[in-house]
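*Asks:* I am sharing run-v2.cif, which consists of mmCIF, C-alpha atoms:
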data_start
#
loop_
_atom_site.label_atom_id
_atom_site.label_comp_id
_atom_site.auth_asym_id
_atom_site.auth_seq_id
_atom_site.Cartn_x
_atom_site.Cartn_y
_atom_site.Cartn_z
CA MET A 1 6.18 -21.18 4.60
CA PRO A 2 7.69 -21.77 1.11
CA SER A 3 7.57 -18.76 -1.19
CA ARG A 4 5.14 -18.78 -4.11
CA LEU A 5 7.23 -16.15 -5.90
CA SER A 6 9.88 -16.51 -8.61
CA PRO A 7 12.88 -14.18 -9.08
CA LEU A 8 12.94 -11.75 -12.00
CA ALA A 9 16.61 -11.71 -12.97
CA LYS A 10 16.86 -9.07 -15.71
CA PHE A 11 14.79 -5.93 -15.89
CA GLY A 12 17.03 -3.09 -16.97
CA ALA A 13 19.83 -1.04 -15.45
CA ASN A 14 18.27 -1.25 -11.96
CA PRO A 15 19.81 1.96 -10.58
CA GLY A 16 18.05 1.42 -7.24
CA ALA A 17 19.74 -1.99 -6.79
CA LEU A 18 16.47 -3.69 -5.85
CA ARG A 19 15.51 -7.34 -6.18
CA ALA A 20 12.37 -8.40 -8.04
CA TYR A 21 10.02 -11.35 -7.66
CA THR A 22 6.95 -12.31 -9.67
CA TYR A 23 3.91 -14.52 -9.57
CA VAL A 24 2.22 -15.49 -12.84
CA PRO A 25 -0.71 -17.94 -12.57
CA GLN A 26 -0.64 -20.92 -14.93
CA GLY A 27 -2.50 -20.30 -18.16
CA LEU A 28 -2.60 -16.54 -17.70
CA PRO A 29 -4.09 -15.05 -20.88
CA GLU A 30 -2.54 -12.15 -22.73
CA GLN A 31 -3.77 -8.67 -21.81
CA ALA A 32 -4.16 -9.67 -18.16
CA PRO A 33 -3.72 -7.00 -15.46
CA LEU A 34 -0.55 -6.46 -13.42
CA VAL A 35 -0.43 -5.62 -9.71
CA VAL A 36 2.82 -4.29 -8.20
CA VAL A 37 3.11 -4.96 -4.45
CA LEU A 38 5.60 -3.19 -2.14
CA HIS A 39 6.36 -4.70 1.28
CA GLY A 40 6.91 -2.71 4.47
CA CYS A 41 10.03 -2.30 6.61
CA ILE A 42 11.60 -5.46 8.09
CA GLN A 43 9.53 -7.52 5.63
CA THR A 44 10.32 -9.50 2.50
CA ALA A 45 8.34 -9.90 -0.70
CA ALA A 46 7.52 -13.53 0.11
CA ALA A 47 6.40 -12.75 3.65
CA TYR A 48 4.13 -9.95 2.51
CA ASP A 49 2.58 -12.12 -0.19
CA HIS A 50 1.91 -14.86 2.37
CA GLY A 51 0.31 -12.38 4.75
CA ALA A 52 -1.73 -10.32 2.29
CA GLY A 53 -2.72 -13.22 0.03
CA TRP A 54 -2.28 -11.46 -3.30
CA SER A 55 -1.03 -14.58 -5.12
CA GLN A 56 -4.02 -16.58 -3.89
CA LEU A 57 -6.32 -13.96 -5.36
CA ALA A 58 -4.30 -13.87 -8.59
CA ASP A 59 -4.84 -17.62 -9.05
CA ARG A 60 -8.60 -17.18 -8.87
CA HIS A 61 -9.01 -14.03 -10.93
CA GLY A 62 -6.21 -14.12 -13.46
CA PHE A 63 -3.70 -11.31 -12.98
CA ALA A 64 0.08 -11.16 -12.69
CA LEU A 65 2.04 -9.93 -9.67
CA LEU A 66 5.33 -8.07 -9.37
CA TYR A 67 7.05 -7.79 -5.99
CA PRO A 68 10.01 -5.40 -5.81
CA GLU A 69 12.16 -6.18 -2.76
CA GLN A 70 14.58 -3.99 -0.84
CA GLN A 71 18.13 -5.10 0.02
CA ARG A 72 19.95 -4.46 3.30
CA ALA A 73 22.79 -2.82 1.39
CA ASN A 74 20.33 -0.05 0.48
CA ASN A 75 18.46 0.14 3.78
CA ALA A 76 19.36 -1.76 6.95
CA ASN A 77 15.70 -2.22 7.87
CA LEU A 78 14.58 -3.23 4.36
CA CYS A 79 12.52 -0.05 3.99
CA PHE A 80 12.07 1.39 0.53
CA ASN A 81 13.85 4.75 0.54
CA TRP A 82 10.76 6.94 0.13
CA PHE A 83 12.53 9.89 1.81
CA VAL A 84 15.69 9.91 -0.38
CA PRO A 85 15.27 12.41 -3.25
CA GLU A 86 17.38 10.36 -5.69
CA ASP A 87 15.18 7.30 -5.11
CA ILE A 88 11.82 9.00 -5.68
CA ARG A 89 12.71 11.03 -8.77
CA ARG A 90 11.48 10.04 -12.22
CA GLY A 91 14.32 8.42 -14.15
CA SER A 92 16.38 7.77 -11.03
CA GLY A 93 17.04 5.30 -8.23
CA GLU A 94 14.46 2.95 -6.80
CA ALA A 95 11.58 4.59 -8.67
CA LEU A 96 13.20 3.87 -12.02
CA SER A 97 14.06 0.31 -10.97
CA ILE A 98 10.40 -0.40 -10.14
CA ALA A 99 9.25 1.16 -13.42
CA GLN A 100 11.78 -0.99 -15.30
CA MET A 101 10.50 -4.11 -13.54
CA ALA A 102 6.91 -3.28 -14.51
CA GLY A 103 7.86 -2.63 -18.12
CA THR A 104 9.72 -5.95 -18.30
CA MET A 105 6.71 -7.84 -16.90
CA ILE A 106 4.32 -6.18 -19.35
CA GLU A 107 6.49 -7.08 -22.33
CA ALA A 108 7.37 -10.60 -21.20
CA HIS A 109 3.78 -11.68 -20.51
CA GLY A 110 1.77 -9.53 -22.91
CA LEU A 111 -0.02 -7.74 -20.05
CA ASP A 112 -2.53 -4.93 -20.39
CA ARG A 113 -0.78 -1.56 -20.09
CA ARG A 114 -4.13 0.05 -19.23
CA ARG A 115 -4.56 -2.15 -16.15
CA VAL A 116 -1.40 -1.79 -14.10
CA PHE A 117 -1.89 -1.14 -10.38
CA ILE A 118 0.37 -0.65 -7.36
CA THR A 119 -0.07 -1.10 -3.62
CA GLY A 120 2.17 -1.04 -0.56
CA LEU A 121 2.32 -1.00 3.23
CA SER A 122 4.08 1.63 5.38
CA ALA A 123 7.40 2.47 3.65
CA GLY A 124 6.01 0.47 0.72
CA GLY A 125 2.91 2.66 0.90
CA ALA A 126 5.06 5.79 0.87
CA MET A 127 6.95 4.41 -2.14
CA THR A 128 3.58 3.67 -3.76
CA SER A 129 2.84 7.40 -3.38
CA ALA A 130 6.16 8.12 -5.07
CA MET A 131 5.50 5.76 -7.98
CA LEU A 132 2.03 7.21 -8.58
CA ALA A 133 3.53 10.70 -8.62
CA THR A 134 6.61 10.01 -10.75
CA TYR A 135 5.08 7.51 -13.20
CA PRO A 136 1.34 8.33 -13.18
CA GLU A 137 0.93 7.26 -16.81
CA LEU A 138 2.01 3.74 -15.86
CA PHE A 139 -0.71 3.10 -13.27
CA ALA A 140 -4.48 2.99 -13.48
CA GLY A 141 -4.75 2.97 -9.69
CA GLY A 142 -2.90 2.71 -6.42
CA ALA A 143 -3.65 1.51 -2.89
CA ILE A 144 -1.69 2.97 0.01
CA VAL A 145 -1.83 1.19 3.37
CA ALA A 146 -0.52 3.14 6.38
CA GLY A 147 1.63 5.24 4.05
CA LEU A 148 2.63 8.87 3.57
CA PRO A 149 2.21 11.49 0.84
CA PHE A 150 4.78 11.92 -1.92
CA GLY A 151 7.60 14.40 -1.37
CA CYS A 152 6.79 15.20 2.26
CA ALA A 153 10.29 14.28 3.52
CA THR A 154 13.79 14.54 2.06
CA SER A 155 15.87 13.24 4.99
CA ILE A 156 15.68 10.71 7.81
CA PRO A 157 14.83 13.31 10.50
CA GLU A 158 12.06 14.72 8.29
CA ALA A 159 10.80 11.21 7.62
CA PHE A 160 10.31 10.54 11.33
CA ASP A 161 8.66 13.92 11.84
CA ARG A 162 6.16 13.19 9.05
CA MET A 163 5.54 9.68 10.38
CA ARG A 164 4.53 11.33 13.66
CA GLY A 165 2.28 13.73 11.75
CA HIS A 166 4.49 16.77 12.31
CA GLY A 167 5.22 19.34 9.61
CA LEU A 168 3.07 17.88 6.85
CA PRO A 169 2.91 20.34 3.91
CA ALA A 170 -0.21 22.33 3.06
CA GLU A 171 -2.68 20.94 0.50
CA ARG A 172 -1.59 23.34 -2.25
CA ASP A 173 2.07 22.39 -1.77
CA LEU A 174 1.28 18.67 -1.67
CA GLU A 175 -0.57 18.84 -4.98
CA ALA A 176 2.23 20.90 -6.55
CA MET A 177 4.74 18.18 -5.61
CA VAL A 178 2.88 15.63 -7.73
CA ARG A 179 2.35 18.02 -10.64
CA SER A 180 6.07 18.81 -10.76
CA ALA A 181 7.16 15.15 -10.52
CA SER A 182 6.43 14.43 -14.19
CA SER A 183 5.08 16.09 -17.33
CA HIS A 184 1.81 14.13 -17.02
CA HIS A 185 -1.46 16.07 -17.25
CA GLY A 186 -3.95 13.29 -16.60
CA PRO A 187 -5.96 11.20 -16.35
CA TRP A 188 -4.63 10.44 -12.88
CA PRO A 189 -4.59 7.09 -11.06
CA THR A 190 -7.45 6.32 -8.68
CA LEU A 191 -6.60 5.84 -5.00
CA SER A 192 -7.68 3.41 -2.27
CA LEU A 193 -6.31 4.47 1.12
CA TRP A 194 -6.23 2.44 4.35
CA HIS A 195 -5.10 3.45 7.83
CA GLY A 196 -5.53 2.06 11.32
CA ALA A 197 -7.28 4.52 13.60
CA ALA A 198 -4.91 3.43 16.41
CA ASP A 199 -1.71 3.56 14.32
CA GLN A 200 1.12 4.87 16.50
CA THR A 201 3.87 4.33 13.93
CA VAL A 202 2.56 6.40 11.00
CA ALA A 203 0.13 9.05 12.20
CA TYR A 204 -3.41 8.93 10.81
CA ALA A 205 -2.99 12.53 9.60
CA ASN A 206 -0.90 11.15 6.75
CA MET A 207 -3.93 9.54 5.12
CA ASP A 208 -5.73 12.89 5.13
CA ALA A 209 -2.60 14.47 3.63
CA ILE A 210 -2.63 11.92 0.78
CA VAL A 211 -6.29 12.76 0.11
CA ALA A 212 -5.33 16.44 0.07
CA GLN A 213 -2.45 15.75 -2.32
CA TRP A 214 -4.65 14.02 -4.91
CA ARG A 215 -8.07 15.62 -4.54
CA GLY A 216 -7.19 18.64 -6.65
CA LEU A 217 -5.57 16.50 -9.33
CA HIS A 218 -8.90 14.71 -9.76
CA GLY A 219 -10.84 18.01 -9.69
CA LEU A 220 -12.55 17.13 -6.42
CA GLN A 221 -11.65 20.20 -4.36
CA ARG A 222 -15.27 21.12 -3.80
CA VAL A 223 -16.66 17.59 -3.66
CA SER A 224 -17.89 16.40 -0.27
CA PRO A 225 -17.11 12.74 0.39
CA GLU A 226 -19.77 10.07 0.62
CA LYS A 227 -19.49 8.54 4.10
CA ASN A 228 -20.22 4.90 4.86
CA ALA A 229 -20.13 2.94 8.12
CA ILE A 230 -18.93 -0.65 7.73
CA GLY A 231 -19.29 -2.28 11.11
CA LEU A 232 -17.08 -0.15 13.35
CA HIS A 233 -14.97 0.99 10.41
CA SER A 234 -15.65 4.01 8.21
CA GLN A 235 -15.16 4.72 4.52
CA ARG A 236 -15.10 8.04 2.69
CA VAL A 237 -15.51 8.10 -1.09
CA TRP A 238 -14.94 11.02 -3.48
CA ARG A 239 -16.69 10.60 -6.84
CA ASP A 240 -16.43 12.58 -10.05
CA ASP A 241 -19.39 14.16 -11.85
CA ALA A 242 -20.19 10.82 -13.49
CA GLY A 243 -20.35 9.09 -10.11
CA VAL A 244 -17.10 7.17 -10.61
CA PRO A 245 -15.10 6.74 -7.36
CA LYS A 246 -11.69 8.37 -7.71
CA ILE A 247 -10.49 8.33 -4.08
CA GLU A 248 -11.61 6.22 -1.15
CA ALA A 249 -10.23 6.33 2.39
CA PHE A 250 -10.80 3.62 5.00
CA SER A 251 -10.38 4.26 8.72
CA VAL A 252 -9.95 0.86 10.39
CA GLU A 253 -11.24 1.15 13.95
CA GLY A 254 -8.99 -0.12 16.72
CA MET A 255 -6.19 -1.22 14.39
CA GLY A 256 -2.54 -0.27 14.75
CA HIS A 257 0.16 -0.25 12.08
CA GLY A 258 -0.33 -2.89 9.43
CA THR A 259 -2.40 -4.36 6.63
CA PRO A 260 -6.04 -5.13 7.55
CA LEU A 261 -7.10 -8.76 7.13
CA GLY A 262 -10.34 -10.62 7.73
CA SER A 263 -10.37 -14.00 9.46
CA ALA A 264 -13.62 -14.91 7.71
CA ASP A 265 -11.82 -14.50 4.38
CA ASP A 266 -9.82 -17.38 2.94
CA ILE A 267 -6.80 -15.46 1.67
CA GLY A 268 -3.77 -14.23 3.56
CA ALA A 269 -2.56 -14.98 7.08
CA SER A 270 -2.23 -12.74 10.11
CA GLY A 271 1.19 -12.09 11.61
CA ALA A 272 3.58 -9.20 12.19
CA PHE A 273 2.00 -6.09 10.65
CA MET A 274 -0.65 -8.29 9.00
CA LEU A 275 -3.51 -7.57 11.36
CA GLU A 276 -6.88 -9.17 11.97
CA ALA A 277 -9.45 -6.39 11.55
CA ARG A 278 -12.55 -8.18 10.22
CA ILE A 279 -12.10 -6.46 6.86
CA SER A 280 -10.02 -7.74 3.94
CA SER A 281 -8.11 -4.85 2.40
CA THR A 282 -6.59 -7.14 -0.26
CA ARG A 283 -9.95 -8.35 -1.51
CA HIS A 284 -11.53 -4.90 -1.37
CA ILE A 285 -8.64 -3.25 -3.23
CA ALA A 286 -8.85 -5.87 -5.98
CA ARG A 287 -12.56 -5.21 -6.36
CA PHE A 288 -12.04 -1.44 -6.30
CA TRP A 289 -9.72 -1.97 -9.28
CA GLN A 290 -12.34 -4.25 -10.92
CA LEU A 291 -9.96 -7.21 -10.91
CA THR A 292 -12.49 -9.52 -9.25
CA GLU A 293 -16.22 -10.03 -9.17
CA THR A 294 -18.52 -7.35 -7.83
CA GLY A 295 -20.24 -7.71 -4.51
CA SER A 296 -19.33 -7.46 -0.85
CA GLU A 297 -15.59 -7.13 -0.36
CA LEU A 298 -15.73 -7.34 3.40
CA SER A 299 -15.30 -10.06 5.96
CA LEU A 300 -18.09 -8.59 8.04
CA THR A 301 -21.46 -10.28 8.01
CA THR A 302 -24.13 -8.74 5.78
CA ASN A 303 -25.84 -7.11 8.75
CA GLY A 304 -22.63 -5.34 9.77
CA GLU A 305 -21.78 -7.53 12.76
CA LYS A 306 -19.63 -5.57 15.14
CA LEU A 307 -16.24 -6.58 16.42
CA LYS A 308 -16.23 -8.62 19.59
CA SER A 309 -14.86 -7.07 22.75
CA GLU A 310 -11.20 -7.35 23.64
CA ALA A 311 -12.09 -9.89 26.28
CA THR A 312 -13.18 -12.30 23.51
CA PRO A 313 -10.46 -12.60 20.88
CA GLU A 314 -11.28 -13.38 17.28
CA ARG A 315 -10.13 -16.70 15.85
CA VAL A 316 -7.78 -17.03 12.89
CA GLY A 317 -7.93 -20.60 11.63
CA ASP A 318 -7.67 -22.80 14.74
CA LYS A 319 -5.81 -20.23 16.82
CA PRO A 320 -7.21 -17.22 18.67
CA ALA A 321 -5.98 -13.96 17.23
CA ALA A 322 -4.69 -11.20 19.47
CA PRO A 323 -7.38 -8.81 20.71
CA PHE A 324 -7.23 -5.28 19.35
CA SER A 325 -5.35 -3.91 22.36
CA GLN A 326 -2.54 -6.40 21.67
CA LEU A 327 -2.59 -5.61 17.96
CA ARG A 328 -2.00 -1.98 18.77
CA ALA A 329 0.93 -2.79 21.02
CA SER A 330 2.59 -5.26 18.66
CA ALA A 331 2.17 -3.01 15.63
CA THR A 332 4.07 -0.07 17.10
CA GLY A 333 7.36 -2.01 17.29
CA VAL A 334 8.56 -1.22 13.77
CA GLY A 335 9.14 2.44 14.58
CA LYS A 336 11.30 1.58 17.58
CA VAL A 337 13.28 -1.01 15.59
CA ILE A 338 14.05 1.54 12.87
CA GLU A 339 14.88 4.35 15.28
CA ASP A 340 17.22 2.14 17.33
CA ALA A 341 19.06 1.07 14.17
CA LEU A 342 19.41 4.66 12.96
CA ARG A 343 20.73 5.80 16.35
CA ALA A 344 23.27 2.98 16.36
CA ALA A 345 24.43 4.12 12.94
CA GLY A 346 24.69 7.72 14.12
CA LEU A 347 21.99 8.90 11.71
CA MET A 348 19.65 10.31 14.35
CA ARG A 349 19.74 11.31 17.99
#
For the file at hand, write its structure as structure tokens.
*Replies:*
Amino acid sequence: MPSRLSPLAKFGANPGALRAYTYVPQGLPEQAPLVVVLHGCIQTAAAYDHGAGWSQLADRHGFALLYPEQQRANNANLCFNWFVPEDIRRGSGEALSIAQMAGTMIEAHGLDRRRVFITGLSAGGAMTSAMLATYPELFAGGAIVAGLPFGCATSIPEAFDRMRGHGLPAERDLEAMVRSASSHHGPWPTLSLWHGAADQTVAYANMDAIVAQWRGLHGLQRVSPEKNAIGLHSQRVWRDDAGVPKIEAFSVEGMGHGTPLGSADDIGASGAFMLEARISSTRHIARFWQLTETGSELSLTTNGEKLKSEATPERVGDKPAAPFSQLRASATGVGKVIEDALRAAGLMR
């Protein structure tokens, strides 16, 4: 599939040695929003855009896209280095490179500095956590898909422990990590969180840890979440005193490690780590950020039609999609790929 993205050649000193790609719809007006999208391990910017469908949505609703991309010279598995202290520190490494890219896009296209958002999957989700912590004044909101909290790991062994849900810091320590990452005192970016309930690559406990990390920053320590059932999936929402949603967390029933897609939607395409789940995370996130029209953001029917059994696979286009049991199995492969590469390099046992 040909890429819809264009390279961004010059965007500052680029201390993280990342590549950058963009998508700017024709006729984009000034003061349009910007969405920064971070791919997962063993993915490219173009592949993630094809799977998630962000550029298709940008065409319809008028916002610009920035896709940072990892290079193998930095990480053999194309993971953003969310566990390397120098790469997740304000003014340093990959974090600074991404901030420089965003600043260049804003200036070049006259974009709205008040409507800059960031999202990512897996290692891209963990780097999204890092960007929200180190440059909170840059972003109005973030969406973390199967990611991890900021600052929870500072080495490869710790990274794998946290991915398995082991040794996650306490809520007070998690919040302190964000507060110490910059001199920012608020307002803080809103959060949309997504995690497969059957994720065996990044443990589900990480989504709860991200909630814990940001709840105090938004003053929601004593706020009980609103709970919604959406088909077989569940959503928790934390609102401020004015009723504005500040954090939402989706548990995607039966799904493994990947970005949730909906076959009834007309954006994106299922594939490796782009998983049919009967709910479009891309479309919902865009609506959560008020980038698109209001209304139902889900691929479920209005009466909450439940997922079919594993014996009757869903259809994606003209081809049957894998049933949920196969999605779980296929989605766990990224962890093994990364671990095997690290062992071969002598970086872990």
*Asks:* Name the residues that the PyMOL selection byres ((chain A and resi 183-195) around 8) pulls out of this structure, and write them as number ranges by chain.
*Replies:* A: 132, 136-137, 139-147, 179-182, 196-197, 199, 204, 207, 217-218, 245-252, 257, 281, 285, 288
*Asks:* Evaluate the PyMOL selection byres ((chain A and resi 162) around 10) against this structure - the residues, as a ChimeraX atom specification, please.
*Replies:* /A:148-149,152-153,156-161,163-169,202-203,205-206
*Asks:* Determine, for each residue of range 93-181 of chain A having at least one atom at most 9 Å from an atom of range 38-48 of chain A, the closest pair of atoms and their separation in Å to one decimal, counting all atoms listed in the file; order by chain and ascending number, as CSV.
*Replies:*
residue,atom,partner,partner_atom,distance
A:Ile118,CA,A:Leu38,CA,7.8
A:Thr119,CA,A:Leu38,CA,6.2
A:Gly120,CA,A:Leu38,CA,4.3
A:Leu121,CA,A:Gly40,CA,5.1
A:Ser122,CA,A:Gly40,CA,5.3
A:Ala123,CA,A:Gly40,CA,5.3
A:Gly124,CA,A:Leu38,CA,4.7
A:Gly125,CA,A:Leu38,CA,7.1
A:Met127,CA,A:Leu38,CA,7.7
A:Thr128,CA,A:Leu38,CA,7.3
*Asks:* Work out how far apart CA of Ala170 in chain A and CA of Ile210 in chain A are and give it in Å to one decimal.
*Replies:*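 Atom-to-atom, CA of Ala170 in chain A and CA of Ile210 in chain A are spaced 10.9 Å apart.
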*Asks:* Can you measure CA of Arg215 in chain A to CA of Val116 in chain A for me? One decimal in Å is fine.
*Replies:*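 So the answer is 21.0 Å.
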*Asks:* Just say which residues the PyMOL selection byres ((chain A and resi 25) around 10) picks in this file, as a PyMOL selection string.
*Replies:* chain A and resi 22-24+26-29+55-65
*Asks:* Could you save those same residues with C-alpha atoms as an mmCIF file, in the frame of the given file?
*Replies:*
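result.cif, freshly written:
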data_model
loop_
_atom_site.group_PDB
_atom_site.id
_atom_site.type_symbol
_atom_site.label_atom_id
_atom_site.label_comp_id
_atom_site.auth_asym_id
_atom_site.auth_seq_id
_atom_site.Cartn_x
_atom_site.Cartn_y
_atom_site.Cartn_z
ATOM 1 C CA THR A 22 6.950 -12.310 -9.670
ATOM 2 C CA TYR A 23 3.910 -14.520 -9.570
ATOM 3 C CA VAL A 24 2.220 -15.490 -12.840
ATOM 4 C CA GLN A 26 -0.640 -20.920 -14.930
ATOM 5 C CA GLY A 27 -2.500 -20.300 -18.160
ATOM 6 C CA LEU A 28 -2.600 -16.540 -17.700
ATOM 7 C CA PRO A 29 -4.090 -15.050 -20.880
ATOM 8 C CA SER A 55 -1.030 -14.580 -5.120
ATOM 9 C CA GLN A 56 -4.020 -16.580 -3.890
ATOM 10 C CA LEU A 57 -6.320 -13.960 -5.360
ATOM 11 C CA ALA A 58 -4.300 -13.870 -8.590
ATOM 12 C CA ASP A 59 -4.840 -17.620 -9.050
ATOM 13 C CA ARG A 60 -8.600 -17.180 -8.870
ATOM 14 C CA HIS A 61 -9.010 -14.030 -10.930
ATOM 15 C CA GLY A 62 -6.210 -14.120 -13.460
ATOM 16 C CA PHE A 63 -3.700 -11.310 -12.980
ATOM 17 C CA ALA A 64 0.080 -11.160 -12.690
ATOM 18 C CA LEU A 65 2.040 -9.930 -9.670
#
*Asks:* Could you tell me how far CA of Thr282 in chain A sits from CA of Leu96 in chain A, in Å to one decimal place?
*Replies:*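 Between CA of Leu96 in chain A and CA of Thr282 in chain A the gap works out to 25.5 Å.
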*Asks:* May I ask which of the residues A:Ile88, A:Val244, A:Ala286, A:Ala99 is the closest one to Ala133 in chain A, counting only C-alpha atoms?
*Replies:*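 Distance minimum relative to Ala133 in chain A lands on A:Ile88.
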*Asks:* With a distance cut-off of 8 Å and all atoms listed in the file, select the neighbouring residues of His109 in chain A, excluding the residue or stretch itself and same-chain residues fewer than 3 positions from it, and output the selection as a VMD selection string.
*Replies:* chain A and resid 30 105 to 106
